[in-house]
Amino acid sequence: MKKTLIITGGAGFIGSHVVRLFVNKYLDYRIVNLDALTYAGNLENLKDIENAANYTFVKADITDAEAINSLFAQYQPDGVIHLAAESHVDRSITDPNAFVQTNVMGTANLLNAALHHWKNNFEGKRFYHVSTDEVYGSLGETGFFLETTPYEPQSPYSASKAASDHLVRAYGNTYGLPFVLTNCSNNYGPNHFPEKLIPLFINNICNKKPLPVYGDGKYTRDWLYVIDHARAIDVVFHKGGNAETYNIGGFNEWQNIELVKLLCEKMDEKLGRAPGESAALISYVKDRPGHDKRYAIDATKINTELGWAPSVTFEEGLAKTIDWYLANTEWLNNVTSGEYQKYYEAQYHN
Ligand code: NAD
Ligand code: TYD
């Protein structure tokens, strides 16, 4: 094998698409998927590649420094692509400490392990930290997040991601750890856990349940198809400059309520329902505390310097996403049984 890469969080939504892309594209890399299999991690996401010769799954928790160190000793990775995180803003509001533990302490453990095992011989080594645009805070009506935008995180989730970004850059600056960092906008696509807006609403539409729009629904997010994010991670991992940051996004802003109406229209078509049937499920509910108004990424740098651009339009991506959920009802039923019901009750019925 030419290289060994540890991909953390590879059983989650984005991580599973990254693992699949690397396993299928780089047959001479050994891909080690390191994941704790929390509620958000699901090996069903990787059924199609689980027996690939260049793929290994390891169940481990990044908050366990000792376990992480021994895995680095065992696998001797040349690179780390770090996606493991607690990722849902609403959960960060009810349990911020879990976010500090995994996102901050977990990242510190990985950085320490990389530093220790690479022992100042950084030739051919790279620590890739996957982050979010939410670290930049909330935009007004105009403007975009640039790589130089000052950090102003507003939720426990974004604050914990911001802290992890700072740690990565500090290890680069202080110890010379070779790193690259990306901040991406909201993803959507297959295997997205149905606690986030798009998959939650697809699931509720299928089950004719109310669609809980927070506040007035006039919050704006910038949506990118998950496979395009995975493609960007591939490009940045292989071609990105050392200690560089790249913003990733598709210049695709939607107000929540407009997006929900489009989703309802498309779902009615796919399910053979009368126009307006799903939109009648829209129900305005109590707003999220500290709700960020608008996110929008300026992705010029990754486009001009590395040649990356999204491969699908939003309409195409959304159609593929709906088709995937309609074809994978077993996946959806499995992840929405058990614990999910308790989460749903606590989040939406109090
Ligand atoms: P996800 O919640 O779907 O998956 C997270 C994965 O990490 C799961 O497989 C989970 O089991 C694993 N994990 C959680 N805690 C762990 C721990 N302590 N040790 C080991 N594994 C652990 O998340 P996602 O949406 O796929 O996001 C992946 C990364 O991308 C995160 O770092 C997130 O901040 C970032 N990101 C997400 C988005 C988005 O729209 N979802 C956008 C930009 C950046
Ligand atoms: P989400 O998918 O949780 O992503 P993030 O908060 O990280 O951007 O939410 C996307 C937007 O949708 C956000 O403005 C909150 C809103 N939202 C709802 O209106 N209702 C919901 O049930 C959820 C989960 C989100």
# chains A, B, ... in the order shown; residues from 1 in each chain; ligands from 1
$ residues_near_ligand --ligand "ligand 1" --cutoff "6 Å" --atoms "only C-alpha atoms and all ligand atoms" --output "count of residues only"
30
$ select_by_dssp --residues "range 12-231 of chain A" --states "strand (DSSP E)" --output "MDAnalysis selection string"
chainID A and resid 29:35 55:59 79:82 126:132 179:184 186:188 211:214 220:225
$ residues_around --residues "Asn303 in chain A" --least-positions-apart "4" --cutoff "10 Å" --atoms "only C-alpha atoms" --output "PyMOL selection string"
chain A and resi 232+246-249+298-299+307-310
$ write_last_selection --atoms "N, CA and C atoms" --output "short mmCIF file (atom, residue, chain, number, x, y, z; two decimals), in the first residue's frame"
data_model
loop_
_atom_site.label_atom_id
_atom_site.label_comp_id
_atom_site.auth_asym_id
_atom_site.auth_seq_id
_atom_site.Cartn_x
_atom_site.Cartn_y
_atom_site.Cartn_z
N ALA A 232 -14.55 17.58 -3.01
CA ALA A 232 -13.71 18.71 -2.60
C ALA A 232 -12.65 18.25 -1.60
N TYR A 246 -9.60 26.41 3.02
CA TYR A 246 -10.47 26.59 1.84
C TYR A 246 -11.92 26.55 2.30
N ASN A 247 -12.70 27.51 1.84
CA ASN A 247 -14.15 27.46 2.06
C ASN A 247 -14.78 26.65 0.93
N ILE A 248 -15.76 25.82 1.30
CA ILE A 248 -16.41 24.96 0.30
C ILE A 248 -17.92 25.26 0.30
N GLY A 249 -18.45 25.55 -0.87
CA GLY A 249 -19.89 25.81 -0.97
C GLY A 249 -20.28 25.93 -2.44
N ASP A 298 -18.33 32.05 0.15
CA ASP A 298 -17.66 32.44 -1.09
C ASP A 298 -16.62 31.36 -1.37
N ALA A 299 -16.90 30.54 -2.39
CA ALA A 299 -16.01 29.40 -2.69
C ALA A 299 -15.05 29.71 -3.85
N GLY A 307 -9.44 24.25 -8.76
CA GLY A 307 -10.28 23.81 -9.87
C GLY A 307 -11.52 23.03 -9.48
N TRP A 308 -11.88 23.08 -8.18
CA TRP A 308 -13.09 22.34 -7.76
C TRP A 308 -14.35 23.18 -8.01
N ALA A 309 -15.40 22.51 -8.47
CA ALA A 309 -16.73 23.14 -8.58
C ALA A 309 -17.76 22.04 -8.34
N PRO A 310 -18.96 22.40 -7.87
CA PRO A 310 -19.98 21.37 -7.67
C PRO A 310 -20.32 20.67 -8.99
#
$ closest_atom_pairs --of "chain A" --to "ligand 2" --cutoff "6 Å" --atoms "only C-alpha atoms and all ligand atoms" --output "tab-separated table"
residue	atom	partner	partner_atom_place_in_ligand_line	distance
A:Val89	CA	ligand 2	6 (O)	5.4
A:Glu195	CA	ligand 2	24 (C)	5.5
A:Lys196	CA	ligand 2	2 (O)	3.6
A:Leu197	CA	ligand 2	2 (O)	3.9
A:Pro212	CA	ligand 2	22 (O)	5.0
A:Val213	CA	ligand 2	19 (O)	3.7
A:Tyr214	CA	ligand 2	19 (O)	3.8
A:Tyr219	CA	ligand 2	14 (O)	5.1
A:Asn256	CA	ligand 2	12 (O)	5.8
$ write_last_selection --atoms "all heavy atoms" --output "PDB file, in the first residue's frame"
ATOM      1  N   VAL A  89     -26.732  21.130  15.824  1.00  0.00           N
ATOM      2  CA  VAL A  89     -26.865  22.347  16.634  1.00  0.00           C
ATOM      3  C   VAL A  89     -27.883  22.170  17.767  1.00  0.00           C
ATOM      4  O   VAL A  89     -27.627  22.534  18.915  1.00  0.00           O
ATOM      5  CB  VAL A  89     -27.251  23.554  15.741  1.00  0.00           C
ATOM      6  CG1 VAL A  89     -27.555  24.780  16.597  1.00  0.00           C
ATOM      7  CG2 VAL A  89     -26.153  23.849  14.726  1.00  0.00           C
ATOM      8  N   GLU A 195     -32.348  14.044  11.657  1.00  0.00           N
ATOM      9  CA  GLU A 195     -32.523  15.063  12.695  1.00  0.00           C
ATOM     10  C   GLU A 195     -32.283  16.432  12.052  1.00  0.00           C
ATOM     11  O   GLU A 195     -32.675  17.451  12.591  1.00  0.00           O
ATOM     12  CB  GLU A 195     -31.514  14.858  13.830  1.00  0.00           C
ATOM     13  CG  GLU A 195     -30.069  14.983  13.362  1.00  0.00           C
ATOM     14  CD  GLU A 195     -29.022  14.669  14.413  1.00  0.00           C
ATOM     15  OE1 GLU A 195     -29.373  14.459  15.580  1.00  0.00           O
ATOM     16  OE2 GLU A 195     -27.821  14.627  14.043  1.00  0.00           O
ATOM     17  N   LYS A 196     -31.628  16.441  10.881  1.00  0.00           N
ATOM     18  CA  LYS A 196     -31.331  17.690  10.175  1.00  0.00           C
ATOM     19  C   LYS A 196     -32.497  18.011   9.246  1.00  0.00           C
ATOM     20  O   LYS A 196     -33.286  17.124   8.882  1.00  0.00           O
ATOM     21  CB  LYS A 196     -30.027  17.545   9.367  1.00  0.00           C
ATOM     22  CG  LYS A 196     -28.855  16.987  10.159  1.00  0.00           C
ATOM     23  CD  LYS A 196     -28.144  18.030  10.994  1.00  0.00           C
ATOM     24  CE  LYS A 196     -27.134  17.451  11.981  1.00  0.00           C
ATOM     25  NZ  LYS A 196     -26.011  16.737  11.445  1.00  0.00           N
ATOM     26  N   LEU A 197     -32.572  19.277   8.835  1.00  0.00           N
ATOM     27  CA  LEU A 197     -33.772  19.768   8.147  1.00  0.00           C
ATOM     28  C   LEU A 197     -34.252  18.878   6.980  1.00  0.00           C
ATOM     29  O   LEU A 197     -35.395  18.398   7.003  1.00  0.00           O
ATOM     30  CB  LEU A 197     -33.524  21.194   7.628  1.00  0.00           C
ATOM     31  CG  LEU A 197     -34.704  21.806   6.888  1.00  0.00           C
ATOM     32  CD1 LEU A 197     -35.809  22.217   7.845  1.00  0.00           C
ATOM     33  CD2 LEU A 197     -34.276  23.034   6.077  1.00  0.00           C
ATOM     34  N   PRO A 212     -41.966  20.776  11.175  1.00  0.00           N
ATOM     35  CA  PRO A 212     -41.737  21.836  12.173  1.00  0.00           C
ATOM     36  C   PRO A 212     -40.733  22.896  11.704  1.00  0.00           C
ATOM     37  O   PRO A 212     -39.516  22.738  11.861  1.00  0.00           O
ATOM     38  CB  PRO A 212     -41.185  21.054  13.373  1.00  0.00           C
ATOM     39  CG  PRO A 212     -40.528  19.853  12.774  1.00  0.00           C
ATOM     40  CD  PRO A 212     -41.243  19.531  11.509  1.00  0.00           C
ATOM     41  N   VAL A 213     -41.248  23.988  11.147  1.00  0.00           N
ATOM     42  CA  VAL A 213     -40.375  25.081  10.684  1.00  0.00           C
ATOM     43  C   VAL A 213     -40.120  26.011  11.871  1.00  0.00           C
ATOM     44  O   VAL A 213     -41.070  26.527  12.473  1.00  0.00           O
ATOM     45  CB  VAL A 213     -41.051  25.852   9.526  1.00  0.00           C
ATOM     46  CG1 VAL A 213     -40.257  27.093   9.161  1.00  0.00           C
ATOM     47  CG2 VAL A 213     -41.227  24.937   8.317  1.00  0.00           C
ATOM     48  N   TYR A 214     -38.844  26.230  12.205  1.00  0.00           N
ATOM     49  CA  TYR A 214     -38.503  27.080  13.358  1.00  0.00           C
ATOM     50  C   TYR A 214     -38.754  28.557  13.030  1.00  0.00           C
ATOM     51  O   TYR A 214     -38.337  29.046  11.968  1.00  0.00           O
ATOM     52  CB  TYR A 214     -37.032  26.936  13.731  1.00  0.00           C
ATOM     53  CG  TYR A 214     -36.591  25.566  14.228  1.00  0.00           C
ATOM     54  CD1 TYR A 214     -35.240  25.213  14.186  1.00  0.00           C
ATOM     55  CD2 TYR A 214     -37.499  24.647  14.760  1.00  0.00           C
ATOM     56  CE1 TYR A 214     -34.811  23.970  14.656  1.00  0.00           C
ATOM     57  CE2 TYR A 214     -37.061  23.413  15.232  1.00  0.00           C
ATOM     58  CZ  TYR A 214     -35.721  23.078  15.166  1.00  0.00           C
ATOM     59  OH  TYR A 214     -35.291  21.861  15.631  1.00  0.00           O
ATOM     60  N   TYR A 219     -34.838  31.942   7.725  1.00  0.00           N
ATOM     61  CA  TYR A 219     -33.410  31.734   7.941  1.00  0.00           C
ATOM     62  C   TYR A 219     -32.832  31.154   6.661  1.00  0.00           C
ATOM     63  O   TYR A 219     -33.506  30.390   5.967  1.00  0.00           O
ATOM     64  CB  TYR A 219     -33.191  30.795   9.129  1.00  0.00           C
ATOM     65  CG  TYR A 219     -33.677  31.412  10.423  1.00  0.00           C
ATOM     66  CD1 TYR A 219     -35.000  31.236  10.853  1.00  0.00           C
ATOM     67  CD2 TYR A 219     -32.831  32.191  11.186  1.00  0.00           C
ATOM     68  CE1 TYR A 219     -35.448  31.819  12.025  1.00  0.00           C
ATOM     69  CE2 TYR A 219     -33.276  32.779  12.368  1.00  0.00           C
ATOM     70  CZ  TYR A 219     -34.586  32.595  12.776  1.00  0.00           C
ATOM     71  OH  TYR A 219     -35.039  33.181  13.936  1.00  0.00           O
ATOM     72  N   ASN A 256     -35.195  28.861   4.488  1.00  0.00           N
ATOM     73  CA  ASN A 256     -35.757  27.569   4.886  1.00  0.00           C
ATOM     74  C   ASN A 256     -37.150  27.343   4.315  1.00  0.00           C
ATOM     75  O   ASN A 256     -37.451  26.276   3.768  1.00  0.00           O
ATOM     76  CB  ASN A 256     -35.830  27.465   6.414  1.00  0.00           C
ATOM     77  CG  ASN A 256     -34.453  27.365   7.050  1.00  0.00           C
ATOM     78  OD1 ASN A 256     -33.469  27.069   6.368  1.00  0.00           O
ATOM     79  ND2 ASN A 256     -34.368  27.632   8.337  1.00  0.00           N
TER      80      ASN A 256
END
$ closest_residue --among "A:Asp133, A:Glu123, A:Glu265, A:Glu330" --to "Asp78 in chain A" --atoms "only C-alpha atoms"
A:Glu123
$ residues_around --residues "range 315-329 of chain A" --least-positions-apart "2" --cutoff "12 Å" --atoms "only C-alpha atoms" --output "PyMOL selection string"
chain A and resi 44-45+187-194+198-207+223-228+250+252+259-260+262-271+310-313+331-336
$ atom_distance --atom1 "CA of Asp90 in chain A" --atom2 "CA of Trp254 in chain A"
19.9 Å
$ select_by_dssp --residues "range 53-210 of chain A" --states "alpha helix (DSSP H)" --output "compact mmCIF listing (two decimals) with N, CA, C and O atoms, in the first residue's frame"
# COMPACT_ATOMS: atom_id res chain seq x y z
N ALA A 65 -7.81 9.00 24.62
CA ALA A 65 -6.46 9.31 24.12
C ALA A 65 -5.60 8.06 23.98
O ALA A 65 -4.86 7.91 23.00
N GLU A 66 -5.71 7.18 24.96
CA GLU A 66 -4.88 5.97 24.93
C GLU A 66 -5.21 5.10 23.72
O GLU A 66 -4.31 4.62 23.02
N ALA A 67 -6.50 4.92 23.51
CA ALA A 67 -6.92 4.08 22.36
C ALA A 67 -6.45 4.72 21.05
O ALA A 67 -5.97 4.02 20.15
N ILE A 68 -6.55 6.03 20.96
CA ILE A 68 -6.15 6.71 19.72
C ILE A 68 -4.65 6.55 19.49
O ILE A 68 -4.19 6.25 18.39
N ASN A 69 -3.88 6.70 20.57
CA ASN A 69 -2.43 6.52 20.45
C ASN A 69 -2.06 5.13 20.00
O ASN A 69 -1.20 4.96 19.12
N SER A 70 -2.72 4.12 20.57
CA SER A 70 -2.34 2.76 20.14
C SER A 70 -2.77 2.50 18.70
O SER A 70 -2.07 1.77 17.98
N LEU A 71 -3.85 3.11 18.26
CA LEU A 71 -4.24 2.91 16.85
C LEU A 71 -3.24 3.57 15.90
O LEU A 71 -2.94 3.04 14.83
N PHE A 72 -2.71 4.72 16.31
CA PHE A 72 -1.68 5.35 15.48
C PHE A 72 -0.43 4.46 15.43
O PHE A 72 0.19 4.30 14.37
N ALA A 73 -0.09 3.86 16.59
CA ALA A 73 1.09 2.98 16.62
C ALA A 73 0.83 1.76 15.73
O ALA A 73 1.72 1.32 14.98
N GLN A 74 -0.38 1.24 15.78
CA GLN A 74 -0.70 0.04 15.00
C GLN A 74 -0.73 0.32 13.50
O GLN A 74 -0.17 -0.43 12.71
N TYR A 75 -1.38 1.39 13.10
CA TYR A 75 -1.61 1.62 11.66
C TYR A 75 -0.59 2.55 11.01
O TYR A 75 -0.50 2.59 9.78
N VAL A 89 -26.73 21.13 15.82
CA VAL A 89 -26.87 22.35 16.63
C VAL A 89 -27.88 22.17 17.77
O VAL A 89 -27.63 22.53 18.92
N ASP A 90 -29.06 21.59 17.46
CA ASP A 90 -30.09 21.45 18.50
C ASP A 90 -29.60 20.59 19.67
O ASP A 90 -29.88 20.89 20.83
N ARG A 91 -28.87 19.53 19.35
CA ARG A 91 -28.34 18.68 20.43
C ARG A 91 -27.29 19.44 21.23
O ARG A 91 -27.13 19.23 22.43
N SER A 92 -26.55 20.35 20.56
CA SER A 92 -25.52 21.11 21.29
C SER A 92 -26.15 22.09 22.27
O SER A 92 -25.52 22.51 23.24
N ILE A 93 -27.41 22.45 22.01
CA ILE A 93 -28.11 23.37 22.92
C ILE A 93 -28.55 22.62 24.18
O ILE A 93 -28.49 23.15 25.28
N THR A 94 -28.93 21.34 24.01
CA THR A 94 -29.36 20.59 25.19
C THR A 94 -28.20 19.91 25.92
O THR A 94 -28.28 19.68 27.12
N PRO A 96 -24.28 20.68 25.68
CA PRO A 96 -23.04 21.27 25.14
C PRO A 96 -21.78 20.50 25.51
O PRO A 96 -20.83 20.45 24.72
N ASN A 97 -21.75 19.87 26.70
CA ASN A 97 -20.51 19.20 27.12
C ASN A 97 -20.09 18.08 26.19
O ASN A 97 -18.89 17.85 25.97
N ALA A 98 -21.07 17.39 25.64
CA ALA A 98 -20.74 16.30 24.70
C ALA A 98 -19.97 16.87 23.51
O ALA A 98 -19.08 16.22 22.94
N PHE A 99 -20.30 18.10 23.13
CA PHE A 99 -19.65 18.74 21.99
C PHE A 99 -18.23 19.18 22.32
O PHE A 99 -17.32 19.06 21.51
N THR A 107 -10.41 16.20 19.13
CA THR A 107 -9.48 16.74 18.12
C THR A 107 -8.09 16.89 18.72
O THR A 107 -7.07 16.55 18.08
N ALA A 108 -8.03 17.36 19.98
CA ALA A 108 -6.72 17.49 20.64
C ALA A 108 -6.03 16.13 20.74
O ALA A 108 -4.82 16.01 20.48
N ASN A 109 -6.79 15.08 21.07
CA ASN A 109 -6.20 13.74 21.17
C ASN A 109 -5.62 13.29 19.83
O ASN A 109 -4.53 12.70 19.76
N LEU A 110 -6.33 13.57 18.75
CA LEU A 110 -5.84 13.18 17.42
C LEU A 110 -4.58 13.97 17.05
O LEU A 110 -3.63 13.42 16.49
N LEU A 111 -4.60 15.26 17.37
CA LEU A 111 -3.43 16.10 17.06
C LEU A 111 -2.21 15.60 17.84
O LEU A 111 -1.10 15.48 17.29
N ASN A 112 -2.42 15.28 19.13
CA ASN A 112 -1.30 14.80 19.95
C ASN A 112 -0.76 13.47 19.41
O ASN A 112 0.45 13.26 19.35
N ALA A 113 -1.68 12.60 19.02
CA ALA A 113 -1.25 11.30 18.49
C ALA A 113 -0.47 11.49 17.19
O ALA A 113 0.58 10.87 16.99
N ALA A 114 -0.94 12.37 16.33
CA ALA A 114 -0.25 12.61 15.05
C ALA A 114 1.15 13.16 15.33
O ALA A 114 2.15 12.68 14.77
N LEU A 115 1.22 14.12 16.21
CA LEU A 115 2.50 14.75 16.54
C LEU A 115 3.48 13.72 17.10
O LEU A 115 4.64 13.64 16.69
N HIS A 116 2.97 12.93 18.04
CA HIS A 116 3.79 11.93 18.71
C HIS A 116 4.31 10.88 17.72
O HIS A 116 5.49 10.54 17.72
N HIS A 117 3.45 10.41 16.84
CA HIS A 117 3.85 9.31 15.96
C HIS A 117 4.62 9.79 14.75
O HIS A 117 5.41 9.03 14.18
N TRP A 118 4.41 11.02 14.35
CA TRP A 118 5.16 11.53 13.20
C TRP A 118 6.52 12.08 13.64
O TRP A 118 7.39 12.30 12.80
N PRO A 156 -23.22 26.38 20.81
CA PRO A 156 -22.21 25.48 21.39
C PRO A 156 -21.56 24.60 20.32
O PRO A 156 -20.36 24.33 20.38
N TYR A 157 -22.34 24.17 19.31
CA TYR A 157 -21.74 23.37 18.23
C TYR A 157 -20.67 24.17 17.50
O TYR A 157 -19.52 23.73 17.38
N SER A 158 -21.02 25.37 17.03
CA SER A 158 -20.05 26.11 16.23
C SER A 158 -18.87 26.57 17.08
O SER A 158 -17.73 26.64 16.60
N ALA A 159 -19.14 26.86 18.37
CA ALA A 159 -18.03 27.27 19.25
C ALA A 159 -17.05 26.10 19.43
O ALA A 159 -15.83 26.30 19.43
N SER A 160 -17.59 24.88 19.55
CA SER A 160 -16.69 23.73 19.73
C SER A 160 -15.92 23.44 18.44
O SER A 160 -14.74 23.07 18.48
N LYS A 161 -16.55 23.64 17.30
CA LYS A 161 -15.83 23.45 16.02
C LYS A 161 -14.77 24.54 15.87
O LYS A 161 -13.66 24.29 15.40
N ALA A 162 -15.11 25.77 16.25
CA ALA A 162 -14.15 26.87 16.15
C ALA A 162 -12.93 26.56 17.01
O ALA A 162 -11.78 26.73 16.59
N ALA A 163 -13.18 26.06 18.24
CA ALA A 163 -12.07 25.72 19.14
C ALA A 163 -11.17 24.67 18.49
O ALA A 163 -9.94 24.76 18.55
N SER A 164 -11.80 23.69 17.84
CA SER A 164 -10.99 22.63 17.22
C SER A 164 -10.19 23.19 16.05
O SER A 164 -9.02 22.83 15.85
N ASP A 165 -10.78 24.11 15.28
CA ASP A 165 -10.04 24.73 14.17
C ASP A 165 -8.81 25.48 14.72
O ASP A 165 -7.71 25.38 14.17
N HIS A 166 -9.03 26.22 15.80
CA HIS A 166 -7.92 26.99 16.40
C HIS A 166 -6.80 26.06 16.86
O HIS A 166 -5.62 26.36 16.67
N LEU A 167 -7.19 24.92 17.46
CA LEU A 167 -6.17 23.98 17.92
C LEU A 167 -5.35 23.45 16.75
O LEU A 167 -4.12 23.35 16.83
N VAL A 168 -6.03 23.11 15.65
CA VAL A 168 -5.31 22.57 14.49
C VAL A 168 -4.30 23.60 13.99
O VAL A 168 -3.12 23.29 13.76
N ARG A 169 -4.75 24.84 13.84
CA ARG A 169 -3.84 25.89 13.35
C ARG A 169 -2.70 26.14 14.35
O ARG A 169 -1.56 26.38 13.97
N ALA A 170 -3.03 26.06 15.66
CA ALA A 170 -2.00 26.28 16.68
C ALA A 170 -0.93 25.18 16.62
O ALA A 170 0.26 25.46 16.78
N TYR A 171 -1.33 23.93 16.36
CA TYR A 171 -0.36 22.84 16.25
C TYR A 171 0.50 23.02 14.99
O TYR A 171 1.68 22.67 14.99
N GLY A 172 -0.09 23.59 13.95
CA GLY A 172 0.68 23.89 12.75
C GLY A 172 1.71 24.96 13.04
O GLY A 172 2.90 24.83 12.73
N ASN A 173 1.26 26.02 13.70
CA ASN A 173 2.13 27.16 13.99
C ASN A 173 3.21 26.81 15.00
O ASN A 173 4.37 27.17 14.85
N THR A 174 2.83 26.08 16.06
CA THR A 174 3.76 25.83 17.17
C THR A 174 4.72 24.67 16.88
O THR A 174 5.91 24.76 17.15
N TYR A 175 4.16 23.58 16.36
CA TYR A 175 4.99 22.36 16.20
C TYR A 175 5.31 22.05 14.74
O TYR A 175 5.97 21.06 14.46
N LEU A 197 -32.57 19.28 8.84
CA LEU A 197 -33.77 19.77 8.15
C LEU A 197 -34.25 18.88 6.98
O LEU A 197 -35.39 18.40 7.00
N ILE A 198 -33.41 18.66 5.98
CA ILE A 198 -33.92 18.00 4.76
C ILE A 198 -34.35 16.55 5.00
O ILE A 198 -35.50 16.19 4.70
N PRO A 199 -33.50 15.70 5.60
CA PRO A 199 -33.97 14.32 5.80
C PRO A 199 -35.11 14.19 6.80
O PRO A 199 -35.97 13.32 6.65
N LEU A 200 -35.13 15.09 7.81
CA LEU A 200 -36.24 15.05 8.78
C LEU A 200 -37.56 15.36 8.07
O LEU A 200 -38.57 14.68 8.27
N PHE A 201 -37.50 16.34 7.18
CA PHE A 201 -38.74 16.73 6.51
C PHE A 201 -39.14 15.68 5.46
O PHE A 201 -40.33 15.42 5.29
N ILE A 202 -38.19 15.06 4.80
CA ILE A 202 -38.53 13.98 3.85
C ILE A 202 -39.24 12.85 4.61
O ILE A 202 -40.29 12.35 4.20
N ASN A 203 -38.67 12.49 5.75
CA ASN A 203 -39.25 11.40 6.55
C ASN A 203 -40.66 11.77 7.02
O ASN A 203 -41.59 10.97 6.94
N ASN A 204 -40.82 13.02 7.49
CA ASN A 204 -42.15 13.43 7.97
C ASN A 204 -43.16 13.50 6.83
O ASN A 204 -44.33 13.14 7.01
N ILE A 205 -42.73 13.95 5.67
CA ILE A 205 -43.65 14.00 4.53
C ILE A 205 -44.11 12.57 4.19
O ILE A 205 -45.30 12.32 4.00
N CYS A 206 -43.16 11.64 4.15
CA CYS A 206 -43.53 10.25 3.86
C CYS A 206 -44.58 9.76 4.85
O CYS A 206 -45.51 9.05 4.48
$ closest_atom_pairs --of "range 97-174 of chain A" --to "range 277-296 of chain A" --cutoff "12 Å" --atoms "only C-alpha atoms" --output "Markdown table"
| residue | atom | partner | partner_atom | distance |
| --- | --- | --- | --- | --- |
| A:Thr132 | CA | A:Tyr295 | CA | 10.5 |
| A:Asp133 | CA | A:Tyr295 | CA | 7.3 |
| A:Glu134 | CA | A:Tyr295 | CA | 7.3 |
| A:Val135 | CA | A:Tyr295 | CA | 10.2 |
| A:Tyr136 | CA | A:Tyr295 | CA | 8.6 |
| A:Gly137 | CA | A:Asp292 | CA | 7.0 |
| A:Ser138 | CA | A:Asp292 | CA | 5.1 |
| A:Leu139 | CA | A:Arg294 | CA | 5.0 |
| A:Gly140 | CA | A:Arg294 | CA | 6.5 |
| A:Glu141 | CA | A:Arg294 | CA | 7.5 |
| A:Thr142 | CA | A:Ala296 | CA | 8.9 |
| A:Gly143 | CA | A:Ala296 | CA | 7.6 |
| A:Phe144 | CA | A:Ala296 | CA | 5.1 |
| A:Phe145 | CA | A:Ala296 | CA | 6.0 |
| A:Leu146 | CA | A:Ala296 | CA | 9.3 |
| A:Thr149 | CA | A:Ala296 | CA | 11.8 |
| A:Glu152 | CA | A:Asp292 | CA | 11.0 |
| A:Pro153 | CA | A:Asp292 | CA | 9.4 |
| A:Gln154 | CA | A:Gly290 | CA | 6.9 |
| A:Ser155 | CA | A:Gly290 | CA | 6.9 |
| A:Pro156 | CA | A:Gly290 | CA | 10.1 |
| A:Tyr157 | CA | A:Gly290 | CA | 11.7 |
| A:Ser158 | CA | A:Asp292 | CA | 10.5 |
$ residues_around --residues "Tyr128 in chain A" --least-positions-apart "5" --cutoff "10 Å" --atoms "only C-alpha atoms" --output "list in words"
Ile7, Gly79, Val80, Ile81, His82, Leu83, Val168, Pro178, Phe179, Val180, Leu181, Thr182, Ile233, Val236, Phe237, Gly240, Asn242 and Ala243 of chain A
$ closest_residue --among "A:Thr56, A:Lys25, A:Gly241, A:Asn51" --to "Ile302 in chain A" --atoms "only C-alpha atoms"
A:Gly241
$ closest_residue --among "A:Ile31, A:Leu5, A:Leu43, A:Met105" --to "Lys125 in chain A" --atoms "only C-alpha atoms"
A:Leu5
$ closest_residue --among "A:Asn121, A:Val104, A:Lys218, A:Pro210" --to "His349 in chain A" --atoms "only C-alpha atoms"
A:Pro210
